[in-house]
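Asker: Can you read through this structure? Questions will come right after.
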Amino acid sequence: MIPSVAHMSDIDFFQLTRGGSRRDVNEDAVGCWPHADGLVLAVADGLGEHSAGEVASQLALEVLPGELAQAPTTWPLTTRLRRAVQAANVAIYQKAITVPELQGMGTTLTATALVAGALVTAHVGDCRLWLLRDGTLTQLTKDHTWVWAHVPGAPSVEQVRDQPRRYSLPRCLGRELIVSIDMLSLDLRAGDVLAQCSDGVHGTLTDDDIQELLEAHPPEAACRAIFRRAEQLDGSDDLSVQVAAVRDVPLVARRWWPFSRAAERV
């Protein structure tokens, strides 16, 4: 097992991923990278109906940090992150059409930059980002699924399970040359806790479960507690979770403690 943890003066961060019993490989991928004076965290979930889902999710997370590093720092962070996700989409699309055994592969991707006291997120698919602030848990992203498009409001875990098309994902990386990307941004506050995960987590745990565990534990313990709770309920799907606790804002350029880019794989 390879731990993935970042300890900074402003943010504590931890992430975990593990494969489920449904498949032989883990089609989820997670990563975190220093960027400017902050942190970028990303989770990708390869499409399960294709054998190359793990290739697509890993490729997305290989392209993303390189594109961010090469982008001019004079560009707004929103522009840099959107273009990096679009580049990941093109890389997956081109590889899928040139390698026959990878035809049709795709992945979701949610990437969040925590820089200079602000959050910027690029989102495609059905991974999720939550914000826990002042005792209230808010889902910041919207699932790009058939269920979310056709069931009024934010469908509950039970409502999603009852839908025959619950796995239908109209929007993902790799399906088209150009992909529509949801972008969001907000100012961070001291005490904010962010949780980013794949659908193996939010398809099993309710929002109340997530909030309870985030409130009870710091990032590493929260990740492990979320895994334990999800595995007790259903261990069939891949699970990935990232938790970041903001201790102080605004973020400033500081010395980074070395940490692994790979998540702990259970």
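Letters A, B, ... mark the chains of the structure tokens in the order given; residue numbers begin at 1 per chain; ligand numbers begin at 1, in order shown.
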Go through segment 188-239 of chain A and flag each residue having an atom no more than 9 Å from segment 9-24 of chain A; for those, report the closest pair of atoms plus their distance in Å to one decimal, using only C-alpha atoms, ordered by chain and rising number, as a tab-separated table.
Answerer:
```
residue	atom	partner	partner_atom	distance
A:Ala190	CA	A:Asp10	CA	8.7
A:Gly200	CA	A:Gly20	CA	8.6
A:Pro218	CA	A:Asp12	CA	8.2
A:Pro219	CA	A:Phe14	CA	5.6
A:Glu220	CA	A:Phe14	CA	5.2
A:Ala221	CA	A:Phe14	CA	8.8
A:Ala222	CA	A:Phe14	CA	8.8
A:Cys223	CA	A:Gln15	CA	6.5
A:Arg224	CA	A:Leu16	CA	7.7
A:Phe227	CA	A:Leu16	CA	8.3
A:Gly235	CA	A:Gly20	CA	5.7
A:Ser236	CA	A:Ser21	CA	4.5
A:Asp237	CA	A:Gly20	CA	4.3
A:Asp238	CA	A:Gly20	CA	4.3
A:Leu239	CA	A:Arg18	CA	5.5
```
Asker: Neighbouring residues of Ala69 of chain A were defined as those with any atom within 12 Å, considering only C-alpha atoms; residues of the same chain fewer than 6 positions away were excluded. Please report them as a PyMOL selection string.
Answerer: chain A and resi 33-36+40+62-63+75+77+80-81+83-84
Asker: Create the file for the chosen residues now, containing C-alpha atoms and written as a short mmCIF file (atom, residue, chain, number, x, y, z; two decimals), in the first residue's frame.
Answerer:
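Done, and the output landed in out.cif:
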```cif
data_model
loop_
_atom_site.label_atom_id
_atom_site.label_comp_id
_atom_site.auth_asym_id
_atom_site.auth_seq_id
_atom_site.Cartn_x
_atom_site.Cartn_y
_atom_site.Cartn_z
CA TRP A 33 -0.20 17.66 -7.37
CA PRO A 34 1.27 20.95 -6.15
CA HIS A 35 0.32 23.81 -8.46
CA ALA A 36 1.36 27.45 -8.06
CA VAL A 40 -4.81 20.16 -7.39
CA GLU A 62 -1.34 11.61 -16.61
CA VAL A 63 -2.26 14.43 -19.02
CA TRP A 75 -3.99 32.82 -17.77
CA LEU A 77 -6.79 29.42 -13.23
CA ARG A 80 -5.83 26.70 -17.30
CA LEU A 81 -7.89 23.97 -15.63
CA ARG A 83 -7.91 23.60 -21.09
CA ALA A 84 -6.09 20.85 -19.19
#
```
Asker: Please report the interatomic distance between atom CA of Thr98 of chain A and atom CA of Thr145 of chain A in Å with one decimal.
Answerer: 27.3 Å
Asker: Which of segment 7-177 of chain A end up as helix (DSSP H, G or I) when DSSP is run on this backbone - answer as JSON, numbers by chain?
Answerer: {"A": [53, 54, 55, 56, 57, 58, 59, 60, 61, 62, 63, 64, 65, 66, 67, 68, 69, 70, 77, 78, 79, 80, 81, 82, 83, 84, 85, 86, 87, 88, 89, 90, 91, 92, 93, 94, 95, 96, 97, 98, 100, 101, 102, 146, 147, 148, 149, 150, 157, 158, 159, 160, 161]}
Asker: Tell me, which residues of segment 91-236 of chain A carry DSSP strand (DSSP E), written as a compact mmCIF listing (two decimals) with N, CA and C atoms, in the first residue's frame?
Answerer:
```txt
# COMPACT_ATOMS: atom_id res chain seq x y z
N THR A 107 -13.97 8.05 -19.61
CA THR A 107 -13.86 8.19 -18.16
C THR A 107 -14.55 9.47 -17.71
N THR A 108 -14.98 9.49 -16.48
CA THR A 108 -15.39 10.72 -15.84
C THR A 108 -14.14 11.41 -15.30
N LEU A 109 -14.25 12.68 -14.95
CA LEU A 109 -13.13 13.39 -14.33
C LEU A 109 -13.65 14.60 -13.56
N THR A 110 -13.26 14.70 -12.31
CA THR A 110 -13.51 15.89 -11.51
C THR A 110 -12.18 16.34 -10.93
N ALA A 111 -11.77 17.55 -11.29
CA ALA A 111 -10.47 18.08 -10.87
C ALA A 111 -10.69 19.40 -10.15
N THR A 112 -10.09 19.52 -8.96
CA THR A 112 -10.29 20.70 -8.12
C THR A 112 -8.95 21.30 -7.75
N ALA A 113 -8.81 22.60 -8.00
CA ALA A 113 -7.61 23.34 -7.61
C ALA A 113 -7.93 24.20 -6.39
N LEU A 114 -7.09 24.07 -5.36
CA LEU A 114 -7.21 24.89 -4.16
C LEU A 114 -6.01 25.81 -4.14
N VAL A 115 -6.20 27.03 -4.58
CA VAL A 115 -5.09 27.96 -4.81
C VAL A 115 -5.46 29.35 -4.29
N ALA A 118 -8.90 30.09 -2.82
CA ALA A 118 -10.06 29.89 -3.68
C ALA A 118 -10.10 28.45 -4.19
N LEU A 119 -11.29 28.03 -4.58
CA LEU A 119 -11.50 26.72 -5.17
C LEU A 119 -11.96 26.91 -6.60
N VAL A 120 -11.35 26.14 -7.53
CA VAL A 120 -11.80 26.10 -8.92
C VAL A 120 -11.92 24.63 -9.31
N THR A 121 -13.06 24.24 -9.85
CA THR A 121 -13.31 22.84 -10.20
C THR A 121 -13.75 22.71 -11.65
N ALA A 122 -13.22 21.70 -12.33
CA ALA A 122 -13.67 21.29 -13.66
C ALA A 122 -14.28 19.90 -13.52
N HIS A 123 -15.48 19.72 -14.06
CA HIS A 123 -16.23 18.50 -13.77
C HIS A 123 -16.91 17.97 -15.02
N VAL A 124 -16.70 16.67 -15.28
CA VAL A 124 -17.39 15.96 -16.36
C VAL A 124 -17.73 14.57 -15.84
N ARG A 128 -18.17 13.23 -7.65
CA ARG A 128 -18.80 14.33 -6.92
C ARG A 128 -17.80 15.09 -6.07
N LEU A 129 -18.13 16.36 -5.86
CA LEU A 129 -17.39 17.21 -4.92
C LEU A 129 -18.38 17.79 -3.92
N TRP A 130 -18.09 17.60 -2.63
CA TRP A 130 -18.92 18.17 -1.56
C TRP A 130 -18.12 19.22 -0.80
N LEU A 131 -18.83 20.17 -0.22
CA LEU A 131 -18.27 21.15 0.69
C LEU A 131 -19.01 21.06 2.01
N LEU A 132 -18.26 20.82 3.10
CA LEU A 132 -18.81 20.86 4.45
C LEU A 132 -18.39 22.19 5.08
N ARG A 133 -19.36 23.04 5.35
CA ARG A 133 -19.09 24.37 5.89
C ARG A 133 -20.15 24.72 6.95
N THR A 136 -23.07 22.35 7.42
CA THR A 136 -23.92 22.06 6.27
C THR A 136 -23.10 21.42 5.16
N LEU A 137 -23.57 20.28 4.64
CA LEU A 137 -22.89 19.60 3.53
C LEU A 137 -23.60 19.96 2.23
N THR A 138 -22.84 20.49 1.26
CA THR A 138 -23.40 20.91 -0.02
C THR A 138 -22.70 20.18 -1.15
N GLN A 139 -23.47 19.57 -2.03
CA GLN A 139 -22.89 18.96 -3.23
C GLN A 139 -22.67 20.07 -4.25
N ASP A 182 -18.27 21.40 -16.94
CA ASP A 182 -18.83 22.29 -15.92
C ASP A 182 -17.68 22.91 -15.13
N MET A 183 -17.71 24.23 -14.96
CA MET A 183 -16.70 24.94 -14.18
C MET A 183 -17.39 25.64 -13.01
N LEU A 184 -16.76 25.60 -11.84
CA LEU A 184 -17.29 26.33 -10.69
C LEU A 184 -16.13 26.88 -9.89
N SER A 185 -16.40 27.94 -9.16
CA SER A 185 -15.37 28.53 -8.30
C SER A 185 -16.04 29.17 -7.10
N LEU A 186 -15.31 29.23 -5.99
CA LEU A 186 -15.79 29.89 -4.79
C LEU A 186 -14.61 30.20 -3.88
N ASP A 187 -14.81 31.13 -2.98
CA ASP A 187 -13.79 31.46 -1.99
C ASP A 187 -13.84 30.46 -0.85
N VAL A 193 -14.23 21.82 4.75
CA VAL A 193 -13.76 20.47 4.43
C VAL A 193 -14.34 20.09 3.08
N LEU A 194 -13.48 19.62 2.19
CA LEU A 194 -13.89 19.21 0.84
C LEU A 194 -13.73 17.71 0.69
N ALA A 195 -14.71 17.07 0.09
CA ALA A 195 -14.65 15.63 -0.18
C ALA A 195 -14.97 15.40 -1.65
N GLN A 196 -14.09 14.69 -2.33
CA GLN A 196 -14.25 14.38 -3.75
C GLN A 196 -14.21 12.87 -3.90
N CYS A 197 -15.14 12.29 -4.67
CA CYS A 197 -15.22 10.82 -4.70
C CYS A 197 -15.78 10.32 -6.02
```
Asker: Atom CA of Leu47 of chain A and atom CA of Asp234 of chain A are how many Å apart?
Answerer: 19.1 Å
Asker: Would you mind listing what lies within 9 Å of Ala60 of chain A as a list in words, with only C-alpha atoms counted and same-chain residues fewer than 6 positions away left out?
Answerer: Ala29, Ala44, Val85, Ala87, Ala88, Asn89, Ala91, Ile92, Thr107, Thr108, Leu109 and Leu173 of chain A
Asker: What's around Arg229 of chain A at 10 Å? Count only C-alpha atoms, leave out sequence neighbours fewer than 6 positions away in its own chain, and write the answer as a list in words.
Answerer: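 In the requested form, the answer reads Val201, Thr204, Leu205, Asp209, Ile210, Leu213 and Gly235 of chain A.
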Asker: What is the distance between atom CA of Glu27 of chain A and atom CA of Leu140 of chain A, in Å to one decimal?
Answerer: 23.5 Å
Asker: Using only C-alpha atoms, which residues sit within 7 Å of Gly106 of chain A once same-chain residues fewer than 3 positions away are excluded, as a CSV table (one decimal) with C-alpha atoms, in the first residue's frame?
Answerer:
```
chain,number,residue,atom,x,y,z
A,46,GLY,CA,-13.3,4.7,-16.1
A,47,LEU,CA,-16.5,3.6,-17.8
A,53,GLY,CA,-11.9,2.0,-18.4
A,56,ALA,CA,-8.9,6.1,-19.8
A,172,CYS,CA,-17.7,11.8,-20.2
A,173,LEU,CA,-14.1,12.2,-21.5
A,174,GLY,CA,-13.1,10.4,-24.6
A,175,ARG,CA,-16.5,10.0,-26.4
```
